[in-house]
Each structure stands twice: as structure tokens, then as C-alpha cells.
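Undergrad: Can you read through this structure? Questions will come right after.
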There are 2 protein chains.
Amino acid sequence: MIARALPASSPTSPTARHRPVPFTAVDIRDRLWSERQRVVLECTVPFLYDQCEKIGMLEALDVTTPPGPLAFPYRNDGTSTSVMYWDSDIAKWIETASYTLAMHANPELDARIDAVIARITKAQQADGYFNSFFQRREPSRQWTNLRDWHELYCAGHLIEAAVAHAQATGKDTLLNAMRRYADHIGRRFGTGPDQKRGYCGHEEIELALVKLYRLTDERRYLDLARYFIDERGRQPHYFDIEARERGQDPANYWHRTYEYSQSHLPVREQDRVVGHAVRAMYLYSAMADLAAELDDASLLQTCRRLWSDLTGKRLYVTGGLGPSAGNEGFTTDYDLPNETAYAETCASVGLVFWAHRMALLEGDACYADVMEQALYNGALSGISLDGERFFYENPLASRGDHHRWVWHRCPCCPPNIARLIASLGSYVYSVAPGEAAVHLYVEGRGRMEVDGTSLTLTQTTRYPWDGAIAISVDPQEAADFALRLRIPGWCRCAELTVNGQTIDLSRVTERGYARVERRWQSGDHVRLTLGMPVDRVYAHPDVRANQGRVALRRGPLVFCLEATDNPAPLHRLALPRVAEIACQFAPDLLGGVTTLTGRAIAMQATEDRLYSAQPWGSEGVPFKAVPYHVWGHRAPGEMLVWLPEI
Amino acid sequence: MIARALPASSPTSPTARHRPVPFTAVDIRDRLWSERQRVVLECTVPFLYDQCEKIGMLEALDVTTPPGPLAFPYRNDGTSTSVMYWDSDIAKWIETASYTLAMHANPELDARIDAVIARITKAQQADGYFNSFFQRREPSRQWTNLRDWHELYCAGHLIEAAVAHAQATGKDTLLNAMRRYADHIGRRFGTGPDQKRGYCGHEEIELALVKLYRLTDERRYLDLARYFIDERGRQPHYFDIEARERGQDPANYWHRTYEYSQSHLPVREQDRVVGHAVRAMYLYSAMADLAAELDDASLLQTCRRLWSDLTGKRLYVTGGLGPSAGNEGFTTDYDLPNETAYAETCASVGLVFWAHRMALLEGDACYADVMEQALYNGALSGISLDGERFFYENPLASRGDHHRWVWHRCPCCPPNIARLIASLGSYVYSVAPGEAAVHLYVEGRGRMEVDGTSLTLTQTTRYPWDGAIAISVDPQEAADFALRLRIPGWCRCAELTVNGQTIDLSRVTERGYARVERRWQSGDHVRLTLGMPVDRVYAHPDVRANQGRVALRRGPLVFCLEATDNPAPLHRLALPRVAEIACQFAPDLLGGVTTLTGRAIAMQATEDRLYSAQPWGSEGVPFKAVPYHVWGHRAPGEMLVWLPEI
């Protein structure tokens with residue numbers, strides 16, 4: 001939460017880097033996430049399917065039927081339509097649904113996924129190409145506008161779906177189809193004489209290809225991902241070349257700058273997070289993947305530079321990012337307006353992806369801190385408790401006119417946050433030779449293997465509502481290894497015992513993880529107690545919007561005030577610096593959340609005038625704050641994260 | 001400045017209402033305004049002429065020559081272009097230049113004005129119509145789109161120019177031409193069977209016709225103004241009707257709501273200031289004129305309601321108004337963002353017009369207070385000290401990217417603020433039976449007549465830099481009358497002496513004016529001392545942007561901080577509530593201004609992180625503030641009116 005300094009140097013050799021324990025081996029049983037997973041499984045997955053059906057997304061997979069009129073225009077000049085991205089939304093639905101299958105067998109859903117996959121494989125061309133939009137509507141324009149037209153982006157999501165489907169079900173129907181598509185792409189793109197030296201305007205294919213490589217162990221997919229990364233931003237610029245080939249002036253580009261797609265420079269020369277925030281997160285995720293797989297020090301250094309820039313100057317306290325609606329992305333340093341924050345749900349989801357990769361790659365808790373910050377706040381806020389209402393933008397203040405919606409012309413966020421929730425298990429544990437690590441504290445169980453020994457870790461905790469965590473460590477047989485437990489950056493007072501013996505954290509903590517190396521045997525129990533007071537958070541003095549303001553945080557959760565809980569208009573409130581703040585768990589509120597309460601000051605309109613030469617009167621009033629991620633479920637009204645402090 | 005409560009009831013009969021002492025009878029000799037008038041005369045008037053010539057405005061008056069391509073498009077769909085308003089800009093130039101002629105004889109300028117007028121009269125049609133755009137480019141579209149096309153608006157400015165030219169020079173060349181045009185308009189518009197029941201989307205003609213009536217005493221011009229006011233907003237809506245006549249769907253209106261032009265309701269049913277701010281000010285000015293001329297109580301009540309709404313909920317502390325660029329106008333109550341404030345110069349100029357009319361109509365200082373507030377701050381900021389650089393928008397905060405410009409595709413503001421400065425004399429004094437009033441304190445002399453006796457009032461003062469005002473009262477012969485002296489709303493401590501005798505202000509002050517009734521004789525001297533400490537101003541608690549913030553004001557002037565005067569980035573500064581603030585006149589700074597100095601607190605970026613659980617460090621730093629109206633003349637950088645107060 002409070003960004004820690006980056007580690008001074010890179011950790012040990014790539015072979016020592018951590019691999020995640022996959023979602024298939026992790027059960028989540030806590031109150032918060034297991035309920036969210038249940039809702040995704042029971043509500044969001046069928047709901048999204050129904051929406052896809054309703055707007056014609058599924059029908060559009062039948063590429064042999066003539067297309068109807070474009071019902072969802074995106075740009076007025078007809079050059080782009082959200083229909084162009086539909087394959088990606090279906091892919092994210094398949095991916096999400098597959099994850100839920102791994103949690104709970106569901107033959108009906110299994111069959112439904114198979115039916116959607118069958119439509120895809122039926123439509124796929126003999127040469128491996130598949131894109132329902134281009135096959136059906138624009139066959140002559142395939143691969144002619146990588147800058148704007150999202151073909152490789154759609155391919156990437158389909159590949160991610162194929163990998164998830166194979167992992168969750170063991171079936172290779174979609175996997176085989178997408179391998180053929182990836183091979184097709186590999187033939188079309190590259191540095192060879194008959195290949196296009198292109199890459200996608202919206203990054204995604206790169207990280208998908210790494211996933212495909214990891215599942216199949218086929219090196220050519222990794223090489224293709226590397227090609228896309230290495231080629232990006234080179235001169236002569238591919239987007240210029242293809243624009244001229246289309247008979248268009250490259251300068252006549254509606255986003256004006258290739259920063260929009262992080263292709264303004266070769267990636268290794270980039271040192272600022274710029275442009276479209278989701279694209280940036282997907283790119284950096286792939287860069288971290290390649291840095292790990294290829295032991296590429298220059299990519300790692302670039303990732304570290306960009307991480308520093310993001311977390312040091314351009315990240316909301318909620319883990320939201322990309323303040324501007326204009327480019328759905330980044331602007332200038334410290335430009336973090338609250339009410340107009342774009343902070344797209346997908347961007348925070350993407351940050352979780354990147355942070356997770358960096359955490360495994362670098363083994364430093366600064367990354368998992370940010371992963372947790374984005375997960376619990378800016379990403380989770382994007383989906384309602386009932387799984388059927390969504391935020392696209394996640395502002396940190398509202399006058400009462402920002403509401404969760406049922407559907408969007410660009411419906412990328414709902415399946416994105418849903419797939420993250422459904423696969424959350426993958427983010428909790430990791431293993432490396434001689435080590436198992438716990439990155440997130442969530443009640444439940446993870447099964448993994450350390451140096452050939454099966455190990456089960458069972459967490460019992462009320463986290464994030466309480467900082468007490470009991471971990472039962474159960475190797476199949478006694479074994480020497482280290483258990484690494486993240487001590488969150490927000491925690492200033494932690495205690496650790498192993499089988500009742502206190503461990504001196506100052507001696508065993510490295511890179512933000514308590515590392516307990518011993519001969520573990522079944523029945524060993526670890527107790528980690530993370531002090532979880534209510535913290536006041538202050539933004540850097542160059543964040544204009546928050547000057548003189550304070551945010552409230554407890555554990556990983558950022559809190560906000562909603563009008564419905566508070567007696568005075570929120571914009572009239574200020575928090576005295578000395579005000580005591582109580583926290584209380586409210587089991588019946590918003591699915592069960594901790595609330596913060598105390599006394600604030602409410603300015604009073606004591607005079608009927610607009611300006612006064614005297615400070616306005618004020619009175620003490622009670623206030624109540626709820627976790628940011630559950631805001632927007634009740635009576636519409638003002639919302640505020642940053643309160644003036646007096 | 002600090003809006004006073006409105007008077008509880010209307011004043012005496014209309015015959016007792018005040019008439020302004022015209023600019024032709026007022027000499028201004030103070031350092032601030034006389035210098036501004038000199039600059040308008042010597043620099044702005046020739047500069048604007050040159051600009052008009054350069055962009056082809058003057059050439060465009062020759063309607064018999066074929067038009068070239070439209071060089072200044074305004075809307076992409078080709079339905080509107082700023083060229084459509086060029087006649088109004090030329091008219092405002094004639095008006096401004098005429099005012100300066102009254103100050104200083106200038107045969108060359110006189111001849112130049114005559115030449116421009118000759119081009120207009122030459123182009124005028126036999127039937128009286130004159131509009132260079134429509135005659136030259138769109139003759140078939142005359143009077144077909146009153147909603148968007150500014151024909152009557154241009155006519156109004158030409159009429160104002162004609163009145164000013166006649167007043168200043170005694171010549172009737174333009175006046176006669178514009179009387180013919182007004183008569184033409186009177187034939188085309190009205191409730192008769194062959195007349196169009198239209199009115200202009202951009203109000204202006206109404207107040208111009210009242211001016212024409214006052215000069216010519218021709219009642220039909222007043223009746224025509226009244227017709228335009230009475231017709232406005234009636235159903236069936238004229239803009240709907242004419243849109244259908246053009247074969248267009250009235251619903252397909254780019255501004256969506258007729259609030260934009262204050263034609264959403266009949267004017268007497270309006271109770272909120274809405275839409276385009278300049279239009280609103282011109283409309284309300286005409287309504288005040290008609291309320292005075294026709295003793296129309298319902299119009300007066302409407303003006304009072306709208307005044308209350310504007311000054312109580314929608315006015316910047318600078319006298320700026322209309323926060324939104326989208327409609328160049330009003331939004332919602334208390335919505336007064338600083339950095340994105342549109343606050344067009346023309347809107348503050350328009351507010352001076354309206355406030356002046358209300359002041360004369362109601363005889364209450366609350367109106368002259370706002371007139372002074374807008375004049376000295378939000379209006380005057382619109383023109384540079386050298387008279388050749390302009391602000392269109394007048395934000396109350398800048399990150400350093402808002403600069404004065406030389407020319408604008410919609411060059412309405414430069415001649416608008418210039419004509420106000422050049423005619424400032426008209427705003428200083430007024431007379432009524434048995435009374436003479438001083439509304440503004442400006443060194444110089446006014447000549448007027450009270451009940452048939454010639455009276456000269458001579459002010460000696462350094463106002464607005466100092467609150468001491470000496471007034472020499474010189475009637476041609478001893479006479480009984482009342483002298484009314486405004487006690488500004490910002491002043492909490494005033495003293496008055498007449499011939500050395502102290503007057504008890506609590507006994508003689510009514511409606512914000514000290515009213516001294518006696519037999520005055522030549523040589524009488526009045527001393528008014530207005531306490532002028534530095535005030536801290538606090539905005540209503542519902543003004544979100546200013547919560548916890550304070551503005552600095554001294555006398556009528558609002559101050560601001562500019563980066564160039566201050567050591568720390570302005571957004572890091574806060575002003576302790578107890579900080580002492582010194583003021584000092586700096587004769588060599590920005591033409592000679594008072595500066596405010598003191599110690600502020602500058603937040604320090606003591607840690608290399610974006611968020612901290614501890615408040616950031618701070619240090620005491622000196623600060624300096626300058627009058628808002630002179631900002632933007634030096635090194636570009638941040639500017640701030642509202643500072644956090646701690």
C-alpha cells in the first residue's frame with residue numbers, strides 16, 4: 001500500500017525464481033473471496049453468457065452467415081467498432097468459466113463452454129486464422145491495421161482462454177485450435193522476407209504466448225512473444241508503414257502519439273508509464289514474463305524503471321491507474337484527480353497481473369503489496385456483490401452521479417475482473433527450489449510441491465478484517481525448506497510464532513518476507529499476527545488533488561465515505577487530525593465488512609451568501625466509512641476517499 | 001465583493017431612479033484606469049484594427065466582391081463559422097474607438113472610423129438590412145436561423161456602436177444607418193401577420209435597442225426591445241418552428257437545451273441563471289433596462305431572483321462566471337472549479353453591464369459591489385497591460401499552461417473589455433432628482449447636473465491601492481441635494497467627514513450608500529476613508545473546490561500567487577490561519593501594484609514515495625501575492641487564487 005523502496009538488486013538466478021501454485025491446487029474458503037467466487041460461478045458466468053447471447057456476440061461466431069448492421073458503433077467515422085473486440089470478450093468468458101469449473105464440477109457449464117468452443121473451431125480457417133469480425137465482415141482487411149484493429153489482441157485472449165480451459169478441464173479442443181492459430185500468426189509475423197514486421201496496437205498476445213509456451217513447452221511460442229516485444233517501437237515504425245500501405249497518412253492518427261500504445265520507443269528505452277493503462281499493464285506483464293523466461297536483464301531493468309515510475313508518481317491509493325478518459329490512460333506525474341479519475345477496472349486487473357509476475361521474478365514484497373492494493377480496492381470495486389453490475393471507471397470521489405451499470409458498449413471489464421476472481425488461487429502461493437512462499441492471506445488451502453515433497457499449507461484467518469493468521473504446515477514427510485511469509489508494507493507491527501516459539505522478525509525478514517528455514521513436519525503451526533490499526537494516508541505534496549487531505553486505510557483496504565452512511569453532505573466534512581477512529585465488523589452490511597466510525601467536522605452554511613470574510617461555522621458530526629470496493633451498492637449519493645484533514 | 005443581502009423591497013418611483021453620468025462628462029485621471037485607457041487608445045484600438053484588417057474582416061464588408069474560402073471555421077459541420085460574427089467585432093471596435101475619441105481628439109482615428117462606417121453604409125441594402133456575412137455569402141438564408149446565426153446579435157452591436165459614435169462625435173452617419181436597420185428589423189419581427197415571431201439566440205439586440213431609444217427618444221425602439229424580451233421562450237417555440245421550416249429536426253440541436261440561450265422559458269418564469277453566460281448577462285441587462293423604462297415590476301422581480309441566484313450560488317470570487325467550457329456558461333449550484341474555470345472575459349464584462357443597470361434601478365450598493373468586483377478582477381484580467389494580449393478564459397488556478405494570446409478564432413473578448421475600459425467614465429457617477437451618487441472611486445472629475453444645477457465632483461484618491469478618498473463638491477451655485485457615496489461591501493470600517501466634520505455613518509447609510517443631504521456649495525470637501533485591511537475570504541461550504549481554502553482580498557482586489565514570485569511550487573503551499581500578511585505598493589511592478597507578502601507553509605517531499613502513513617514535512621517560506629487582474633504577464637508558471645489554509 002505504502003510503496004516500499006524497490007530492492008537494490010536483482011535476486012538469485014532465474015532457476016531460483018518462484019513459480020505460482022496454480023488455481024487448480026488452491027482452495028479459497030474465506031468469507032470475502034469464496035463468496036465472490038461463488039457469485040462469479042453462479043451469477044456472473046451465466047449473466048455474461050446471456051449478455052453475449054443477447055447482443056449477438058455468440059451468433060457472430062457463425063462467420064458464414066451474413067453480418068447484420070453494426071449495432072454497437074464505437075467511433076463515428078466507422079473505422080472502429082466494439083464489435084471488433086467481441087472475440088476477446090467471449091474468450092474471457094471461456095477463461096472465467098473454465099476457472100470456475102476447476103472449483104466446482106458443473107456439467108451443464110462444461111457443455112456450454114464446449115459448444116462455444118465448437119463454434120469457434122468450426123469457424124476457424126484451414127490455415128489456422130480465426131477472427132469472427134474479420135472473417136465475417138472485413139475478410140480483405142485482415143492484418144492491415146494492427147494499430148487500431150485488435151486482431152492480435154483477440155488472438156491473445158483466445159489463447160489465454162485455451163490455456164485456462166486445458167488447465168481446468170484437461171481438454172485440448174480449444175488449445176489445439178489456438179496452437180494452430182498461434183502457428184499461423186508465427187508464420188505471418190516476424191523478420192523473415194515474407195513476414196509482416198508488425199505487432200499489436202493493444203498488447204495482450206505477448207503474455208498469452210508465454211502462457212502457451214509454459215503449458216506446451218513449445219519454444220516457438222516464447223520466441224514469437226519475444227519477437228513482438230523486441231519489435232515494438234522500432235524505426236521505421238510499423239504503424240507508419242501499414243498506414244501508408246492502406247493509403248493513409250500516418251500523421252492522421254486519432255490518438256496523435258504512439259505513446260498511446262507504448263510503441264513510441266523500443267520497449268527497453270522506455271522509462272515512463274504512458275498511454276492506455278490496460279495496454280501498458282499487459283505489455284509490462286509480458287516483459288516480466290520474458291525477463292524471467294529468458295533471464296533478460298535489460299527487460300528486467302526496464303520493468304523496474306517502469307514500476308518505480310508507476311508506483312512512485314502515477315498510482316491511485318486504491319491501486320487504480322490511468323487518470324484520463326481521453327486516452328484511457330496516463331497523463332503527467334502526480335496527476336491523480338479524484339472525481340474525474342478514469343482508473344479503469346481492467347487497468348487495476350492488469351496491474352495485479354504485472355505485480356504478480358514481478359513478485360515471483362524479484363521475490364520482493366513491494367510487488368505483492370501493490371498486487372494486494374489493486375486487488376482489494378481498484379479491481380474488486382469493478383464488480384458488484386451480486387456479480388451483475390459493474391464499474392468501468394473507478395473514481396475516488398463522486399457527486400452522486402457515478403453508478404454501476406449492467407452492460408457497456410465496450411464490455412471488457414466484467415469478464416476481466418471475473419477471471420481474476422475465479423483464478424485468485426493462483427496468486428496466493430508460489431514455490432521455488434527449497435522455498436514455499438505465501439503472498440496473500442486468505443483462509444483456505446494450497447497444495448504444492450517443494451523439492452519433490454508434497455506440501456499442504458492451510459490458512460485460518462479472518463483476513464482482511466483481522467490480522468491474525470494461523471498456518472498449518474503439512475509436508476507429506478518431514479523436510480528441510482524455507483517458508484516465506486509476506487509481511488505487508490502497510491503493517492508496522494507484526495509477530496510470528498512457529499509451534500508457539502516467537503521468531504525474531506528483524507532477523508528473518510528479507511525483501512519484505514519473513515523467511516523461516518527449518519525442518520518442517522506435518523502438524524507444524526505458524527501464527528502470524530499483523531497489527532492492523534486504522535492508518536491515515538497522506539499523498540505526496542505534488543498530488544494537487546489531495547493537498548490537505550487524508551485517506552483512511554486498514555490493512556489492505558482503502559475506505560471511503562458514502563452519503564447514505566453520513567449525516568452531512570460529504571463535501572462539507574473534514575477530519576480532525578486528532579479524531580479517534582473506531583473499527584467494527586458489521587456482518588449484515590454489504591456482505592459483511594469492517595466499518596470505520598468517528599467524529600468529523602461538518603462545515604455549516606451559517607450565512608446565506610457565497611463568500612464570507614469569516615470562516616464558516618462547523619459542528620461535530622459522526623462519520624462512517626466502508627471499504628472502497630463495496631461502494632455504489634446502496635442509495636446513490638456522494639462518495640469520497642480523500643477527506644480534508646484539519 | 002462579499003455579496004450583501006438584496007434590498008427587501010424596490011426603491012422609490014421610476015422617475016427617482018438614477019441615470020448614469022455619461023463617459024463624455026467624466027475624466028479619469030488615476031494611475032490604474034487612466035493608464036489602461038491610454039493603452040486602449042494608443043495600443044488596443046490600432047492593434048485591433050490591424051487584426052481586423054489582417055484576417056480580412058474589413059475586406060469582408062465589401063459585400064459585392066465574391067467571398068474567399070472560410071479561413072476561420074468554428075464548427076466542423078459547416079453550419080457555423082466565427083466569420084458569421086465579424087460584424088459584431090467591427091462594431092465593438094467602432095464603439096471602443098468612439099469612446100476614446102471623446103477622451104482625446106484624434107483626427108486620424110476619427111477618419112479611420114468614418115471610413116469603416118462608409119464601408120458599412122455603402123454595403124447596407126436599400127431596405128435597411130445589413131449583415132456582411134449573409135449579404136455576401138448566404139443571401140438566401142437571411143433570418144432563417146435565429147437560434148444559431150447571430151444576425152440580430154450583430155445588428156445589436158452595430159446599434160451600440162452607432163449610439164457610441166453619435167455620443168462621442170456628434171456625427172449621425174452610422175446612427176442614421178442603424179436606425180434604418182432597426183426599422184427594418186421592426187418590420188420583419190413582431191406579432192403582426194406578416195412578421196416573424198422570432199428573437200435572437202444570442203441576446204444583444206435588446207439592450208442595444210434601449211440605448212437607441214434613449215438616444216433618439218423614438219418609442220418604437222423600446223417597443224421592439226420589449227417585444228424581443230416578451231417573446232423569448234414562449235411556446236410554440238420559435239426555434240422549433242424555424243428549424244422545421246429549414247427542414248431540420250428541432251430535437252437535433254447541438255446544445256440540446258434552450259437553456260443555452262435562456263429561451264427555455266418565458267423570461268419572467270426564469271429563476272436560475274443558466275446557459276451561455278454572456279448571453280445571460282446581455283439578456284438580464286436588457287431586462288433591467290426595460291424594468292426601468294417601463295416600470296415593469298415582474299421584470300424587476302425576475303432580475304432580482306436571477307441576481308440572487310448568480311451572486312448566491314454561481315459567481316467566482318473574481319466576478320468571473322460560467323464555469324464550463326462546454327456551454328461557455330453555467331452548470332450547477334456551487335460548481336466553481338478553479339483550474340477549469342471558463343469564466344469568459346466577456347461574461348464578466350456583461351456582468352458589469354447588468355450590475356450597473358441594477359445599481360441605478362435599485363439604488364442599492366449590493367449591485368455596485370459586484371460591478372466593482374467583476375470590473376477589477378474577472379473583466380480586467382482579460383486584457384494585458386500593453387493592451388495587445390488577451391485572456392478568453394479566466395481560471396482561478398493554473399498549472400502554468402494558460403497564457404495570454406494575441407488573437408482568437410472567436411475574437412469577442414478583446415473589443416469587449418476594451419470598450420468597457422474606454423467607457424469606464426459612465427460607471428462612476430449617476431444622478432437622480434435631488435441626488436448625485438458616486439458608485440466607483442477613481443481619481444478624476446465628473447460633471448453633471450442635479451435639479452438643474454451644474455455640479456462638478458472631483459475625486460482625489462489612490463484607490464484601489466488606498467482607501468482614502470477626497471471629494472471636492474463644486475456646484476455652480478449653492479444648492480440643496482443629497483450626495484450618495486457607496487460604502488463598499490468589503491469595507492468593515494469607514495469614516496466620513498464633510499468640511500472636517502465627522503458624519504455618523506450609521507445614521508446616514510441606507511442601501512449601502514452614505515447619503516449626505518445638505519446645502520452644498522463650491523469648495524465643500526468630503527473625505528471618505530475606507531478601511532482596507534487584507535481580508536481572508538472563505539467560500540460557501542458547498543463550493544467543493546474551495547473547501548479548506550482561503551482567498552486574499554484587499555479592497556476590491558482579489559489577489560493571486562504566481563510561480564515567479566514564490567520559492568516553492570504553488571500547489572505545495574498552505575497559509576496558516578494566523579499568518580500575518582503585509583501589503584506594500586510596488587511602483588515598478590506590473591505598472592505599479594500593491595503586493596501582499598507573508599510566511600506560508602510549503603509541504604516538502606521528504607520521502608521518495610507517493611503515499612505515506614505520516615503527514616509530509618513542511619517548512620516556512622515567504623510568499624508574495626499580486627492582484628489577480630495582472631497575472632500572466634511574466635515567466636509562465638503556476639497561478640493560484642485559493643490557497644489551502646491550515
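Here, A, B, ... name the chains of the C-alpha cells in the order displayed, residue numbers run from 1 inside each chain, and ligands are numbered from 1 in the same displayed order.
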Would you list, as JSON, numbers by chain, the residues of stretch 59-226 of chain A that end up in strand (DSSP E or B) under DSSP run on this structure's backbone?

TA: {"A": [73, 81, 189, 196]}

Undergrad: Kindly save the residues from that selection, with C-alpha atoms included, as a compact mmCIF listing (two decimals), in the first residue's frame.

TA:
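Wrote part09.txt, looks like this:
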```txt
# COMPACT_ATOMS: atom_id res chain seq x y z
CA PRO A 73 -20.61 1.61 -33.05
CA THR A 81 -16.38 -0.67 -33.57
CA PHE A 189 4.74 -12.14 -38.34
CA LYS A 196 4.99 -8.66 -41.66
```

Undergrad: Would you list which chain B residues are within 6 Å of chain A using only C-alpha atoms, as a VMD selection string?

TA: chain B and resid 2 312 to 313 536 to 541 544 571 to 572 603 609 to 613 615

Undergrad: For a quick check of understanding, using only C-alpha atoms, which of A:His104, A:Arg219, A:Arg419, A:Arg447 has the smallest distance to A:Ala161?

TA: A:Arg419

Undergrad: Using DSSP on the backbone coordinates, identify the residues of stretch 252-461 of chain B assigned to helix (DSSP H, G or I); present them as a tab-separated table (two decimals) with C-alpha atoms, in the first residue's frame.

TA:
```tsv
chain	number	residue	atom	x	y	z
B	258	TYR	CA	-32.74	26.03	-24.95
B	259	GLU	CA	-31.38	26.92	-21.55
B	260	TYR	CA	-28.23	27.56	-23.55
B	261	SER	CA	-29.84	30.75	-24.88
B	267	VAL	CA	-38.17	35.26	-19.20
B	268	ARG	CA	-40.49	36.15	-16.34
B	269	GLU	CA	-40.68	32.47	-15.37
B	277	ALA	CA	-23.02	33.22	-19.55
B	278	VAL	CA	-22.51	36.16	-21.92
B	279	ARG	CA	-25.94	35.69	-23.44
B	280	ALA	CA	-27.42	35.58	-19.97
B	281	MET	CA	-25.73	38.82	-18.91
B	282	TYR	CA	-26.85	40.65	-22.05
B	283	LEU	CA	-30.41	39.40	-21.59
B	284	TYR	CA	-30.58	40.38	-17.95
B	285	SER	CA	-29.10	43.80	-18.77
B	286	ALA	CA	-31.90	44.40	-21.24
B	287	MET	CA	-34.47	43.15	-18.75
B	288	ALA	CA	-33.17	45.63	-16.18
B	289	ASP	CA	-33.32	48.38	-18.81
B	290	LEU	CA	-36.92	47.55	-19.62
B	291	ALA	CA	-37.85	47.19	-15.96
B	292	ALA	CA	-36.57	50.76	-15.51
B	293	GLU	CA	-38.06	52.27	-18.63
B	294	LEU	CA	-41.43	50.56	-18.35
B	297	ALA	CA	-42.39	45.05	-11.69
B	298	SER	CA	-42.41	41.49	-12.97
B	299	LEU	CA	-39.21	42.05	-14.93
B	300	LEU	CA	-37.62	43.69	-11.91
B	301	GLN	CA	-38.61	40.78	-9.70
B	302	THR	CA	-37.16	38.39	-12.24
B	303	CYS	CA	-33.92	40.35	-12.30
B	304	ARG	CA	-33.75	40.21	-8.51
B	305	ARG	CA	-34.36	36.46	-8.47
B	306	LEU	CA	-31.69	35.88	-11.08
B	307	TRP	CA	-29.29	38.23	-9.31
B	308	SER	CA	-29.77	36.31	-6.10
B	309	ASP	CA	-29.14	33.03	-7.88
B	310	LEU	CA	-25.99	34.28	-9.58
B	311	THR	CA	-24.39	36.04	-6.65
B	312	GLY	CA	-25.51	33.49	-4.08
B	313	LYS	CA	-24.52	30.30	-5.89
B	345	THR	CA	-13.85	37.79	-20.05
B	346	CYS	CA	-16.99	38.81	-21.96
B	347	ALA	CA	-19.16	37.32	-19.23
B	348	SER	CA	-17.57	39.47	-16.55
B	349	VAL	CA	-17.88	42.48	-18.85
B	350	GLY	CA	-21.55	41.57	-19.27
B	351	LEU	CA	-21.93	41.30	-15.52
B	352	VAL	CA	-20.58	44.84	-15.19
B	353	PHE	CA	-23.29	45.94	-17.63
B	354	TRP	CA	-26.05	44.18	-15.71
B	355	ALA	CA	-24.81	45.19	-12.27
B	356	HIS	CA	-24.57	48.82	-13.38
B	357	ARG	CA	-28.16	48.80	-14.57
B	358	MET	CA	-29.34	47.15	-11.37
B	359	ALA	CA	-27.41	49.64	-9.28
B	360	LEU	CA	-29.14	52.56	-10.96
B	361	LEU	CA	-32.51	50.85	-10.90
B	362	GLU	CA	-32.46	49.74	-7.30
B	365	ALA	CA	-24.82	49.13	-3.16
B	366	CYS	CA	-25.04	45.34	-3.40
B	367	TYR	CA	-25.11	45.80	-7.16
B	368	ALA	CA	-22.26	48.27	-7.43
B	369	ASP	CA	-20.22	45.97	-5.18
B	370	VAL	CA	-20.49	43.20	-7.73
B	371	MET	CA	-19.93	45.63	-10.58
B	372	GLU	CA	-16.67	46.64	-8.94
B	373	GLN	CA	-15.75	43.02	-8.17
B	374	ALA	CA	-16.15	41.95	-11.80
B	375	LEU	CA	-14.55	45.10	-13.17
B	376	TYR	CA	-11.37	44.95	-11.09
B	377	ASN	CA	-10.84	41.22	-11.32
B	378	GLY	CA	-12.52	38.87	-13.79
B	379	ALA	CA	-13.00	41.50	-16.51
B	380	LEU	CA	-9.78	43.46	-16.23
B	381	SER	CA	-7.72	40.27	-16.20
B	382	GLY	CA	-8.86	39.77	-19.81
B	413	CYS	CA	-13.33	39.43	-25.74
B	414	PRO	CA	-10.65	41.96	-26.76
B	415	PRO	CA	-13.01	44.67	-28.02
B	416	ASN	CA	-15.47	43.88	-25.23
B	417	ILE	CA	-13.08	44.60	-22.39
B	418	ALA	CA	-11.60	47.48	-24.41
B	419	ARG	CA	-14.97	49.18	-24.83
B	420	LEU	CA	-15.67	48.79	-21.13
B	421	ILE	CA	-12.36	50.40	-20.19
B	422	ALA	CA	-12.80	53.18	-22.71
B	424	LEU	CA	-15.48	53.48	-17.76
B	425	GLY	CA	-16.44	57.06	-17.02
B	426	SER	CA	-20.10	56.10	-17.44
B	427	TYR	CA	-19.94	53.78	-14.45
```

Undergrad: Need to verify the contact set: A:Trp631, 8 Å, only C-alpha atoms, exclusion of same-chain residues closer than 4 positions in sequence. Can you return it as a count of residues only?

TA: 6

Undergrad: Choose the residue, out of A:Asp565, A:Ile383, A:Arg634, A:Ala482, that has the smallest atom-to-atom separation from A:Cys43; count only C-alpha atoms.

TA: A:Ile383

Undergrad: If we count only C-alpha atoms, what is near B:Glu449 at a cut-off of 9 Å, once residues fewer than 3 positions away on the same chain are taken out, given as a VMD selection string?

TA: chain B and resid 21 431 436 452 to 456 475

Undergrad: Just the selected residues (C-alpha atoms), exported as a PDB file, in the first residue's frame, please.

TA:
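For reference, out_19.pdb as written:
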```pdb
ATOM      1  CA  VAL B  21     -23.384  60.448 -15.935  1.00  0.00           C
ATOM      2  CA  VAL B 431     -27.846  61.477 -10.817  1.00  0.00           C
ATOM      3  CA  ALA B 436     -25.898  62.658  -7.088  1.00  0.00           C
ATOM      4  CA  GLY B 452     -30.820  71.980 -12.969  1.00  0.00           C
ATOM      5  CA  THR B 453     -27.658  72.940 -11.139  1.00  0.00           C
ATOM      6  CA  SER B 454     -24.302  72.077 -12.694  1.00  0.00           C
ATOM      7  CA  LEU B 455     -22.165  70.082 -10.350  1.00  0.00           C
ATOM      8  CA  THR B 456     -18.571  69.008 -10.543  1.00  0.00           C
ATOM      9  CA  PRO B 475     -21.975  73.079  -7.590  1.00  0.00           C
TER      10      PRO B 475
END
```

Undergrad: Mind pulling up the distance from atom CA of A:Gly531 to atom CA of A:Ala468?

TA: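 Here the two named atoms are 8.3 Å from each other.
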
Undergrad: For B:Tyr129, which residue out of B:Ile90, B:Leu265, B:Ala111, B:Leu158 is the nearest one, using only C-alpha atoms?

TA: B:Leu158

Undergrad: Extract, using only C-alpha atoms, all DNA, RNA and protein residues at most 12 Å from stretch 133-141 of chain B, discarding same-chain residues fewer than 4 positions from it, and format them as a PyMOL selection string.

TA: chain B and resi 57-70+79-88+120+123-125+129+145-146+149-152+154-155+242+245-246

Undergrad: Can you pull out every residue within 10 Å of B:Tyr342, counting only C-alpha atoms, but drop anything in the same chain fewer than 2 positions away, and send it as a list in words?

TA: Ala277, Gly320, Leu321, Gly322, Pro323, Ser324, Ala325, Gly326, Asn327, Glu328, Gly329, Phe330, Leu336, Pro337, Asn338, Glu339, Thr340, Glu344, Thr345, Ala347, Tyr392, Glu393, Asn394, Pro395 and Leu396 of chain B
